[in-house]
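Engineer: Structure file start-v6.cif (mmCIF, C-alpha atoms) right here:
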data_run
#
loop_
_atom_site.label_atom_id
_atom_site.label_comp_id
_atom_site.auth_asym_id
_atom_site.auth_seq_id
_atom_site.Cartn_x
_atom_site.Cartn_y
_atom_site.Cartn_z
CA MET A 853 -23.01 -92.93 -146.75
CA LYS A 854 -26.24 -94.45 -148.01
CA LEU A 855 -27.85 -91.11 -148.83
CA LEU A 856 -25.04 -90.10 -151.19
CA GLU A 857 -24.83 -93.53 -152.83
CA GLU A 858 -28.55 -93.40 -153.55
CA ARG A 859 -28.24 -89.94 -155.04
CA ILE A 860 -25.35 -91.03 -157.27
CA MET A 861 -27.43 -94.00 -158.47
CA LYS A 862 -30.40 -91.74 -159.11
CA ASP A 863 -28.75 -88.71 -160.71
CA GLY A 864 -25.20 -89.72 -161.67
CA ARG A 865 -24.41 -90.22 -165.34
CA ILE A 866 -21.55 -92.31 -166.67
CA LEU A 867 -19.35 -90.94 -169.47
CA ASN A 868 -16.51 -92.55 -171.41
CA GLY A 869 -16.33 -95.65 -169.28
CA ASN A 870 -15.16 -94.38 -165.92
CA ILE A 871 -16.21 -90.76 -165.48
CA VAL A 872 -19.21 -90.25 -163.22
CA LYS A 873 -21.01 -86.96 -163.73
CA VAL A 874 -22.76 -85.66 -160.64
CA ASP A 875 -23.13 -82.15 -161.96
CA SER A 876 -26.84 -81.98 -161.20
CA PHE A 877 -26.20 -81.74 -157.44
CA LEU A 878 -22.49 -81.65 -156.52
CA ASN A 879 -20.29 -79.63 -158.82
CA HIS A 880 -22.12 -77.47 -161.36
CA GLN A 881 -25.67 -77.27 -160.15
CA LEU A 882 -25.52 -77.43 -156.36
CA ASP A 883 -28.25 -78.90 -154.18
CA ILE A 884 -27.28 -77.02 -151.05
CA LYS A 885 -29.81 -78.70 -148.76
CA PHE A 886 -28.36 -82.06 -149.81
CA LEU A 887 -24.75 -80.86 -149.47
CA ASP A 888 -25.62 -79.74 -145.97
CA LYS A 889 -26.43 -83.33 -145.04
CA LEU A 890 -23.06 -84.46 -146.41
CA ALA A 891 -21.38 -81.70 -144.43
CA GLU A 892 -23.16 -82.80 -141.25
CA GLU A 893 -21.80 -86.31 -141.72
CA ILE A 894 -18.29 -84.95 -142.22
CA ALA A 895 -18.56 -82.70 -139.16
CA THR A 896 -19.82 -85.55 -136.97
CA TYR A 897 -16.83 -87.68 -137.94
CA PHE A 898 -14.29 -84.92 -137.21
CA LYS A 899 -16.09 -83.24 -134.31
CA ASP A 900 -13.42 -83.99 -131.68
CA LYS A 901 -10.52 -82.73 -133.78
CA SER A 902 -10.71 -79.03 -132.81
CA ILE A 903 -10.66 -77.94 -136.43
CA ASN A 904 -10.31 -74.17 -136.82
CA LYS A 905 -10.07 -73.92 -140.59
CA ILE A 906 -11.33 -75.74 -143.68
CA LEU A 907 -9.02 -75.78 -146.69
CA THR A 908 -10.43 -76.48 -150.15
CA ILE A 909 -9.77 -75.68 -153.80
CA GLU A 910 -11.76 -73.74 -156.36
CA ALA A 911 -14.31 -74.21 -157.69
CA SER A 912 -16.13 -77.45 -156.87
CA GLY A 913 -14.86 -77.79 -153.30
CA ILE A 914 -16.13 -74.40 -152.15
CA ALA A 915 -19.83 -75.19 -151.70
CA LEU A 916 -19.24 -78.30 -149.56
CA ALA A 917 -16.60 -76.49 -147.48
CA THR A 918 -19.00 -73.57 -147.03
CA VAL A 919 -21.84 -75.66 -145.64
CA ALA A 920 -19.38 -77.62 -143.44
CA SER A 921 -18.27 -74.45 -141.67
CA LYS A 922 -21.52 -74.05 -139.72
CA HIS A 923 -21.25 -77.63 -138.43
CA LEU A 924 -17.66 -77.09 -137.28
CA ASP A 925 -18.12 -74.09 -135.00
CA ASP A 926 -18.05 -71.62 -137.89
CA ALA A 927 -14.53 -72.57 -138.92
CA MET A 928 -13.04 -70.20 -141.48
CA VAL A 929 -12.85 -71.53 -145.04
CA VAL A 930 -9.86 -70.90 -147.31
CA PHE A 931 -9.87 -71.94 -150.93
CA CYS A 932 -6.74 -72.41 -153.02
CA LYS A 933 -6.78 -70.72 -156.41
CA LYS A 934 -5.93 -72.54 -159.58
CA GLN A 935 -4.05 -69.75 -161.24
CA LYS A 936 -2.26 -66.66 -160.16
CA THR A 937 -4.30 -63.53 -160.57
CA LEU A 938 -2.82 -60.05 -160.70
CA ASN A 939 -4.17 -59.36 -157.24
CA ILE A 940 -3.08 -62.28 -155.14
CA GLY A 941 0.44 -60.91 -154.65
CA ASP A 942 3.70 -62.78 -154.30
CA ASP A 943 3.18 -63.86 -150.74
CA VAL A 944 1.70 -67.23 -151.61
CA TYR A 945 2.39 -70.87 -151.06
CA GLU A 946 2.12 -72.74 -154.31
CA SER A 947 2.12 -76.31 -155.55
CA LYS A 948 1.95 -77.92 -158.99
CA VAL A 949 -1.00 -80.19 -159.68
CA GLU A 950 -1.90 -82.42 -162.62
CA SER A 951 -5.59 -82.54 -163.40
CA PHE A 952 -7.10 -85.95 -164.05
CA THR A 953 -10.03 -84.33 -165.84
CA THR A 954 -8.23 -81.94 -168.18
CA LYS A 955 -4.79 -83.64 -168.27
CA LYS A 956 -3.20 -80.21 -167.87
CA ASN A 957 -0.82 -79.14 -165.15
CA TYR A 958 -1.78 -76.14 -163.13
CA THR A 959 -0.45 -74.33 -160.10
CA ILE A 960 -2.52 -73.88 -156.96
CA THR A 961 -1.82 -70.90 -154.77
CA VAL A 962 -2.91 -69.75 -151.35
CA SER A 963 -2.03 -66.51 -149.63
CA LYS A 964 0.47 -66.95 -146.77
CA LYS A 965 -1.77 -64.72 -144.66
CA PHE A 966 -4.46 -67.39 -144.45
CA LEU A 967 -2.50 -70.53 -143.63
CA SER A 968 -0.10 -70.86 -140.71
CA SER A 969 1.33 -73.15 -138.05
CA GLU A 970 -1.56 -72.07 -135.82
CA ASP A 971 -4.03 -73.86 -138.07
CA ASN A 972 -5.60 -77.25 -137.45
CA LEU A 973 -7.06 -78.07 -140.85
CA LEU A 974 -9.80 -80.13 -142.34
CA ILE A 975 -9.19 -80.48 -146.08
CA ILE A 976 -12.37 -80.88 -148.15
CA ASP A 977 -12.93 -81.55 -151.85
CA ASP A 978 -15.74 -82.93 -153.97
CA PHE A 979 -13.89 -85.74 -155.77
CA LEU A 980 -10.88 -87.96 -155.20
CA ALA A 981 -9.48 -89.85 -158.19
CA GLU A 982 -5.69 -89.86 -158.55
CA GLY A 983 -5.38 -87.62 -155.51
CA ASN A 984 -3.42 -84.91 -157.29
CA ALA A 985 -5.48 -81.99 -156.03
CA LEU A 986 -5.35 -83.33 -152.45
CA LYS A 987 -1.58 -83.77 -152.69
CA GLY A 988 -1.35 -80.12 -153.71
CA LEU A 989 -3.50 -79.07 -150.75
CA ILE A 990 -1.36 -81.18 -148.40
CA ASP A 991 1.77 -79.64 -149.89
CA VAL A 992 0.72 -76.03 -149.28
CA SER A 993 -0.48 -76.95 -145.78
CA LYS A 994 2.92 -78.40 -144.96
CA GLN A 995 4.70 -75.37 -146.38
CA ALA A 996 2.66 -73.27 -143.95
CA GLY A 997 3.46 -75.59 -141.04
CA ALA A 998 -0.26 -76.20 -140.50
CA ASN A 999 -1.53 -79.43 -138.97
CA ILE A 1000 -3.85 -81.58 -141.10
CA ALA A 1001 -6.40 -83.05 -138.71
CA GLY A 1002 -8.33 -84.81 -141.45
CA ILE A 1003 -9.35 -84.96 -145.06
CA SER A 1004 -12.81 -85.53 -146.49
CA VAL A 1005 -14.21 -85.90 -149.98
CA ALA A 1006 -17.74 -86.54 -151.15
CA ILE A 1007 -16.87 -89.19 -153.75
CA GLU A 1008 -13.76 -91.36 -153.97
CA LYS A 1009 -13.15 -93.37 -157.11
CA GLY A 1010 -11.81 -96.50 -155.43
CA PHE A 1011 -10.54 -97.94 -158.71
CA GLN A 1012 -8.00 -95.14 -158.96
CA ASP A 1013 -5.01 -94.76 -156.66
CA GLY A 1014 -5.72 -91.49 -154.85
CA GLY A 1015 -7.43 -92.88 -151.75
CA LYS A 1016 -4.77 -95.53 -151.23
CA ILE A 1017 -1.98 -92.98 -151.58
CA ILE A 1018 -3.55 -90.50 -149.16
CA ARG A 1019 -4.25 -93.21 -146.55
CA GLU A 1020 -0.70 -94.59 -146.87
CA MET A 1021 0.58 -91.08 -146.19
CA GLY A 1022 -1.10 -91.55 -142.79
CA TYR A 1023 -4.01 -89.16 -143.16
CA ASP A 1024 -7.46 -89.74 -141.69
CA LEU A 1025 -9.48 -89.71 -144.92
CA LEU A 1026 -13.27 -89.83 -144.87
CA SER A 1027 -14.83 -90.54 -148.27
CA LEU A 1028 -18.62 -90.34 -148.06
CA ALA A 1029 -19.05 -92.70 -151.02
CA ILE A 1030 -16.42 -94.93 -152.59
CA ILE A 1031 -17.08 -96.16 -156.10
CA ASP A 1032 -15.29 -99.45 -156.56
CA SER A 1033 -16.17 -100.12 -160.15
CA ILE A 1034 -18.21 -98.95 -163.10
CA GLU A 1035 -19.02 -101.81 -165.43
CA ASP A 1036 -21.60 -101.90 -168.22
CA GLY A 1037 -23.06 -98.68 -166.90
CA LYS A 1038 -23.46 -100.11 -163.40
CA ILE A 1039 -21.86 -98.42 -160.40
CA SER A 1040 -20.68 -100.59 -157.48
CA PHE A 1041 -19.88 -99.06 -154.12
CA ARG A 1042 -17.40 -100.33 -151.53
CA MET B 956 -25.53 -52.46 -145.17
CA LYS B 957 -23.76 -51.10 -142.11
CA LEU B 958 -22.34 -54.46 -141.06
CA LEU B 959 -20.52 -54.95 -144.38
CA GLU B 960 -19.28 -51.36 -144.53
CA GLU B 961 -17.80 -51.74 -141.07
CA ARG B 962 -16.11 -54.99 -142.03
CA ILE B 963 -14.64 -53.41 -145.18
CA MET B 964 -13.31 -50.53 -143.07
CA LYS B 965 -11.84 -52.94 -140.55
CA ASP B 966 -10.38 -55.62 -142.79
CA GLY B 967 -10.27 -54.23 -146.34
CA ARG B 968 -6.90 -53.24 -147.78
CA ILE B 969 -6.39 -50.79 -150.60
CA LEU B 970 -4.00 -51.65 -153.44
CA ASN B 971 -2.84 -49.59 -156.41
CA GLY B 972 -5.23 -46.73 -155.83
CA ASN B 973 -8.64 -48.26 -156.45
CA ILE B 974 -8.53 -51.98 -155.75
CA VAL B 975 -10.05 -52.99 -152.42
CA LYS B 976 -8.90 -56.35 -151.15
CA VAL B 977 -11.41 -58.12 -148.96
CA ASP B 978 -9.74 -61.48 -149.23
CA SER B 979 -9.70 -62.07 -145.50
CA PHE B 980 -13.46 -62.65 -145.39
CA LEU B 981 -15.13 -62.50 -148.83
CA ASN B 982 -13.16 -64.06 -151.66
CA HIS B 983 -10.13 -66.07 -150.60
CA GLN B 984 -10.54 -66.73 -146.92
CA LEU B 985 -14.29 -66.97 -146.30
CA ASP B 986 -15.98 -65.99 -143.05
CA ILE B 987 -19.07 -68.10 -143.58
CA LYS B 988 -20.90 -66.90 -140.47
CA PHE B 989 -20.49 -63.35 -141.73
CA LEU B 990 -21.47 -64.24 -145.31
CA ASP B 991 -24.60 -65.83 -143.89
CA LYS B 992 -25.64 -62.44 -142.53
CA LEU B 993 -25.11 -60.87 -145.95
CA ALA B 994 -27.16 -63.66 -147.50
CA GLU B 995 -29.96 -63.08 -145.02
CA GLU B 996 -30.11 -59.44 -146.05
CA ILE B 997 -30.23 -60.42 -149.72
CA ALA B 998 -32.96 -62.99 -149.10
CA THR B 999 -35.07 -60.52 -147.12
CA TYR B 1000 -34.93 -58.05 -150.00
CA PHE B 1001 -35.94 -60.62 -152.64
CA LYS B 1002 -38.24 -62.76 -150.48
CA ASP B 1003 -41.42 -62.06 -152.47
CA LYS B 1004 -39.87 -62.84 -155.85
CA SER B 1005 -40.45 -66.63 -155.89
CA ILE B 1006 -36.83 -67.32 -156.76
CA ASN B 1007 -36.20 -70.97 -157.58
CA LYS B 1008 -32.56 -70.79 -158.59
CA ILE B 1009 -29.45 -68.77 -157.79
CA LEU B 1010 -26.99 -68.20 -160.61
CA THR B 1011 -23.40 -67.25 -159.86
CA ILE B 1012 -19.91 -67.59 -161.31
CA GLU B 1013 -16.84 -69.43 -160.09
CA ALA B 1014 -15.05 -69.02 -157.83
CA SER B 1015 -15.75 -66.07 -155.56
CA GLY B 1016 -19.52 -66.01 -156.03
CA ILE B 1017 -20.07 -69.60 -154.94
CA ALA B 1018 -19.82 -69.19 -151.16
CA LEU B 1019 -22.30 -66.29 -150.98
CA ALA B 1020 -24.70 -68.07 -153.33
CA THR B 1021 -24.39 -71.23 -151.22
CA VAL B 1022 -25.35 -69.55 -147.94
CA ALA B 1023 -28.15 -67.63 -149.69
CA SER B 1024 -29.86 -70.87 -150.76
CA LYS B 1025 -31.03 -71.76 -147.26
CA HIS B 1026 -32.64 -68.33 -146.87
CA LEU B 1027 -34.47 -68.67 -150.20
CA ASP B 1028 -36.35 -71.93 -149.62
CA ASP B 1029 -33.33 -74.07 -150.53
CA ALA B 1030 -33.15 -72.70 -154.07
CA MET B 1031 -30.76 -74.65 -156.28
CA VAL B 1032 -27.45 -72.92 -157.03
CA VAL B 1033 -25.80 -73.04 -160.46
CA PHE B 1034 -22.35 -71.61 -161.06
CA CYS B 1035 -21.01 -70.66 -164.46
CA LYS B 1036 -17.57 -71.96 -165.27
CA LYS B 1037 -14.79 -69.76 -166.54
CA GLN B 1038 -13.35 -72.19 -169.02
CA LYS B 1039 -14.51 -75.22 -170.86
CA THR B 1040 -13.38 -78.47 -169.31
CA LEU B 1041 -13.29 -81.75 -171.17
CA ASN B 1042 -16.32 -82.93 -169.24
CA ILE B 1043 -18.84 -80.14 -169.56
CA GLY B 1044 -19.95 -81.30 -173.00
CA ASP B 1045 -21.11 -79.18 -175.91
CA ASP B 1046 -24.55 -78.52 -174.58
CA VAL B 1047 -23.70 -75.21 -172.97
CA TYR B 1048 -24.70 -71.60 -173.12
CA GLU B 1049 -21.62 -69.42 -173.31
CA SER B 1050 -20.73 -65.75 -173.18
CA LYS B 1051 -17.49 -63.81 -173.53
CA VAL B 1052 -16.39 -61.74 -170.54
CA GLU B 1053 -13.54 -59.30 -170.01
CA SER B 1054 -12.02 -59.44 -166.55
CA PHE B 1055 -11.36 -56.12 -164.85
CA THR B 1056 -8.87 -57.80 -162.51
CA THR B 1057 -6.77 -59.77 -164.98
CA LYS B 1058 -7.51 -57.76 -168.17
CA LYS B 1059 -7.95 -61.05 -170.02
CA ASN B 1060 -11.01 -62.18 -171.92
CA TYR B 1061 -12.52 -65.46 -170.91
CA THR B 1062 -15.60 -67.46 -171.80
CA ILE B 1063 -18.17 -68.42 -169.21
CA THR B 1064 -20.20 -71.54 -169.78
CA VAL B 1065 -23.20 -73.15 -168.15
CA SER B 1066 -24.79 -76.46 -169.03
CA LYS B 1067 -28.12 -76.11 -170.84
CA LYS B 1068 -29.52 -78.73 -168.47
CA PHE B 1069 -29.39 -76.34 -165.53
CA LEU B 1070 -30.88 -73.15 -166.93
CA SER B 1071 -34.25 -72.92 -168.67
CA SER B 1072 -37.34 -70.82 -169.29
CA GLU B 1073 -38.83 -72.38 -166.14
CA ASP B 1074 -36.27 -70.59 -163.98
CA ASN B 1075 -36.83 -67.44 -161.97
CA LEU B 1076 -33.30 -66.39 -161.13
CA LEU B 1077 -31.45 -64.43 -158.54
CA ILE B 1078 -27.97 -63.64 -159.83
CA ILE B 1079 -25.33 -63.29 -157.11
CA ASP B 1080 -21.67 -62.27 -157.22
CA ASP B 1081 -19.14 -60.94 -154.75
CA PHE B 1082 -18.00 -57.79 -156.61
CA LEU B 1083 -19.39 -55.39 -159.18
CA ALA B 1084 -16.92 -53.07 -160.93
CA GLU B 1085 -17.35 -52.69 -164.71
CA GLY B 1086 -20.20 -55.21 -164.64
CA ASN B 1087 -18.64 -57.53 -167.21
CA ALA B 1088 -19.19 -60.75 -165.26
CA LEU B 1089 -22.81 -59.78 -164.54
CA LYS B 1090 -23.38 -58.98 -168.21
CA GLY B 1091 -22.15 -62.48 -169.03
CA LEU B 1092 -24.48 -64.02 -166.46
CA ILE B 1093 -27.40 -61.99 -167.85
CA ASP B 1094 -26.47 -63.08 -171.37
CA VAL B 1095 -26.53 -66.83 -170.61
CA SER B 1096 -29.77 -66.39 -168.63
CA LYS B 1097 -31.40 -64.73 -171.63
CA GLN B 1098 -30.13 -67.42 -173.99
CA ALA B 1099 -31.88 -69.95 -171.74
CA GLY B 1100 -35.07 -67.88 -171.69
CA ALA B 1101 -34.90 -67.67 -167.89
CA ASN B 1102 -36.39 -64.75 -166.00
CA ILE B 1103 -34.03 -62.61 -163.94
CA ALA B 1104 -35.95 -61.63 -160.82
CA GLY B 1105 -33.04 -59.77 -159.29
CA ILE B 1106 -29.31 -59.31 -159.00
CA SER B 1107 -27.26 -58.89 -155.85
CA VAL B 1108 -23.60 -58.28 -155.14
CA ALA B 1109 -21.78 -57.83 -151.87
CA ILE B 1110 -19.67 -54.86 -152.93
CA GLU B 1111 -20.27 -52.41 -155.77
CA LYS B 1112 -17.53 -50.03 -156.77
CA GLY B 1113 -19.70 -46.99 -157.41
CA PHE B 1114 -16.92 -45.10 -159.14
CA GLN B 1115 -16.95 -47.62 -161.97
CA ASP B 1116 -19.78 -47.99 -164.47
CA GLY B 1117 -21.12 -51.48 -163.76
CA GLY B 1118 -23.89 -50.60 -161.34
CA LYS B 1119 -25.18 -47.77 -163.53
CA ILE B 1120 -25.21 -50.02 -166.60
CA ILE B 1121 -27.03 -52.88 -164.86
CA ARG B 1122 -29.66 -50.52 -163.37
CA GLU B 1123 -30.19 -48.81 -166.72
CA MET B 1124 -30.83 -52.24 -168.22
CA GLY B 1125 -33.82 -52.29 -165.87
CA TYR B 1126 -32.65 -54.89 -163.36
CA ASP B 1127 -33.41 -54.76 -159.65
CA LEU B 1128 -29.85 -54.62 -158.33
CA LEU B 1129 -29.12 -54.85 -154.62
CA SER B 1130 -25.55 -53.94 -153.68
CA LEU B 1131 -24.95 -54.48 -149.98
CA ALA B 1132 -22.20 -51.88 -149.89
CA ILE B 1133 -21.39 -49.26 -152.52
CA ILE B 1134 -17.94 -47.73 -152.43
CA ASP B 1135 -18.14 -44.26 -153.93
CA SER B 1136 -14.52 -43.29 -153.69
CA ILE B 1137 -11.14 -44.31 -152.42
CA GLU B 1138 -8.95 -41.31 -151.75
CA ASP B 1139 -5.71 -41.13 -149.81
CA GLY B 1140 -6.42 -44.59 -148.49
CA LYS B 1141 -9.86 -43.57 -147.22
CA ILE B 1142 -12.95 -45.43 -148.38
CA SER B 1143 -16.23 -43.50 -148.73
CA PHE B 1144 -19.56 -45.30 -149.00
CA ARG B 1145 -22.71 -44.11 -150.77
#
Translate this file's structure into structure tokens.
Structural biologist:
Amino acid sequence: MKLLEERIMKDGRILNGNIVKVDSFLNHQLDIKFLDKLAEEIATYFKDKSINKILTIEASGIALATVASKHLDDAMVVFCKKQKTLNIGDDVYESKVESFTTKKNYTITVSKKFLSSEDNLLIIDDFLAEGNALKGLIDVSKQAGANIAGISVAIEKGFQDGGKIIREMGYDLLSLAIIDSIEDGKISFR
Amino acid sequence: MKLLEERIMKDGRILNGNIVKVDSFLNHQLDIKFLDKLAEEIATYFKDKSINKILTIEASGIALATVASKHLDDAMVVFCKKQKTLNIGDDVYESKVESFTTKKNYTITVSKKFLSSEDNLLIIDDFLAEGNALKGLIDVSKQAGANIAGISVAIEKGFQDGGKIIREMGYDLLSLAIIDSIEDGKISFR
């Protein structure tokens, strides 16, 4: 998606070789009007899939999932939590995830009340690198018996394995921008 | 706000005496169409305040802040993070917060890039109980020299001290629903 690639070129910052920071519009400060255009693109791609629910993960996926809801017939949004809180209760699906960013393992949980075999899901997240968070979201969806109609991320890092793995699992994955390489501070898109 | 009170009565569940769970529409599963109506009410109340940025905290505040942006001239949203990640860098404002829900202390951080003396803020969160999260958000805003034009939460628990404290600090606080008591499983609103 040209619009997103241009924004990454304009506002993205490169750290430590292969980390692209897009925190000025995507995952710390949020440019909602811009995210709404990304969401529209996602919704257009999946419009014939009868999606009734959007599944994402705290915290960075929530804004994009929220703006996507309106474009998908007000689909409910459910976000997985990254740690158990006292209140969530024991009735949860859970899955272990390794974070590429922090190198720590964490457990994602989602209440069994909000995910079931009735659901036809679109999974949304901001970033796809090794695909660990998405694998966790797929895992809890399967535990619930829900159907995964599609998966979408804003930015895929094509030089890491996540996108390949998710596509080889057979999922319809829409990445709005795929970064193929970062060399000498220059970002190349697929 | 009648609409929110009715929804709490219909879908809220009471746990352990004084915890109201509204996770079916406000902070785990998200009914975005409904949140948009709450956001419209918030925006109407603060419409003359020239708000340029909405400050919230991960994770539950993000969805409401996101839908509020559109109603406030596409104001940018910034969410504070609840723990340092490897990527956020050292250039952050931070404040210590005690969680009413988990009883644990945590540190909230926000990048100095996204909060400054140029900002006229609306602070948004889902819940107000003891007011600890809001006090943290106020603290980082003050560190940045930003002006706080107003504060809004979806649900205030009026039988805890947070709302009183925030109002006595002089802030214009809009709580869309104030729960005054929960007795024998019955919720009373102010």
Engineer: Using all atoms listed in the file, find which residues of chain A lie within 8 Å of chain B and jot them down as a ChimeraX atom specification.
Structural biologist: /A:876,880-885,910-911,914-915,918-919,921-922,926-932,937-939,953-954,966
Engineer: To one decimal place in Å, what is the distance between CA of Asp971 (chain A) and CA of Glu893 (chain A)?
Structural biologist: 22.0 Å
Engineer: List every protein, DNA or RNA residue that has at least one atom no more than 12 Å from (-22.6, -50.9, -150.9) in the file's coordinates, counting all atoms listed in the file, and write the result as a ChimeraX atom specification.
Structural biologist: /B:956-963,993,1081-1084,1107-1114,1118,1128-1136,1142-1145
Engineer: Any idea what's packed within 9 Å of Leu1076 (chain B), counting only C-alpha atoms, ignoring anything in its chain fewer than 4 positions away? Could you give it as a list in words?
Structural biologist: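 Surrounding residues, per the criterion: Ser1005, Ile1006, Asn1007, Lys1008, Ile1009, Leu1010, Ser1096, Ala1101, Asn1102, Ile1103, Ala1104, Gly1105 and Ile1106 of chain B.
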Engineer: May I ask for the distance between CA of Asp1094 (chain B) and CA of Tyr1048 (chain B), given in Å to one decimal place?
Structural biologist: 8.9 Å
Engineer: Applied to the shown file, which residues does the PyMOL selection byres ((chain A and resi 950) around 10) return, written as number ranges by chain?
Structural biologist: A: 948-949, 951-959, 982-985, 988
Engineer: Suppose you want the space between CA of Lys964 (chain A) and CA of Val992 (chain A); what is it in Å?
Structural biologist: 9.4 Å
Engineer: With all atoms listed in the file as the atoms that count, which of A:Asp863, A:Asp900, A:Glu1020, A:Glu1035 lies nearest to Leu974 (chain A)?
Structural biologist: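 Closest to Leu974 (chain A) of all the choices is A:Asp900.
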Engineer: Using all atoms listed in the file, which of B:Asn1075, B:Lys1002, B:Ser1050, B:Lys1090 sits nearest Gln1038 (chain B)?
Structural biologist: B:Ser1050
Engineer: Quick one: 5 Å padding each side, axis-aligned, all listed atoms of region 896-910 of chain A - centre and edge lengths in Å to one decimal, as JSON?
Structural biologist:
{"center_x": -14.4, "center_y": -80.7, "center_z": -144.0, "size_x": 20.8, "size_y": 23.9, "size_z": 34.7}
Engineer: Neighbours of Gly869 (chain A) within 9 Å (only C-alpha atoms; same-chain residues fewer than 6 positions away dropped), as a ChimeraX atom specification?
Structural biologist: /A:1034-1037
Engineer: Could you turn the residues from that selection into a file that holds C-alpha atoms, as a PDB file, in the coordinates of the input?
Structural biologist:
ATOM      1  CA  ILE A1034     -18.210 -98.950-163.100  1.00  0.00           C
ATOM      2  CA  GLU A1035     -19.020-101.810-165.430  1.00  0.00           C
ATOM      3  CA  ASP A1036     -21.600-101.900-168.220  1.00  0.00           C
ATOM      4  CA  GLY A1037     -23.060 -98.680-166.900  1.00  0.00           C
TER       5      GLY A1037
END
Engineer: Taking only C-alpha atoms into account, which of A:Tyr897, A:Val944, A:His923, A:Gly997 comes nearest Glu970 (chain A)?
Structural biologist: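 Selected residue with least distance to Glu970 (chain A): A:Gly997.
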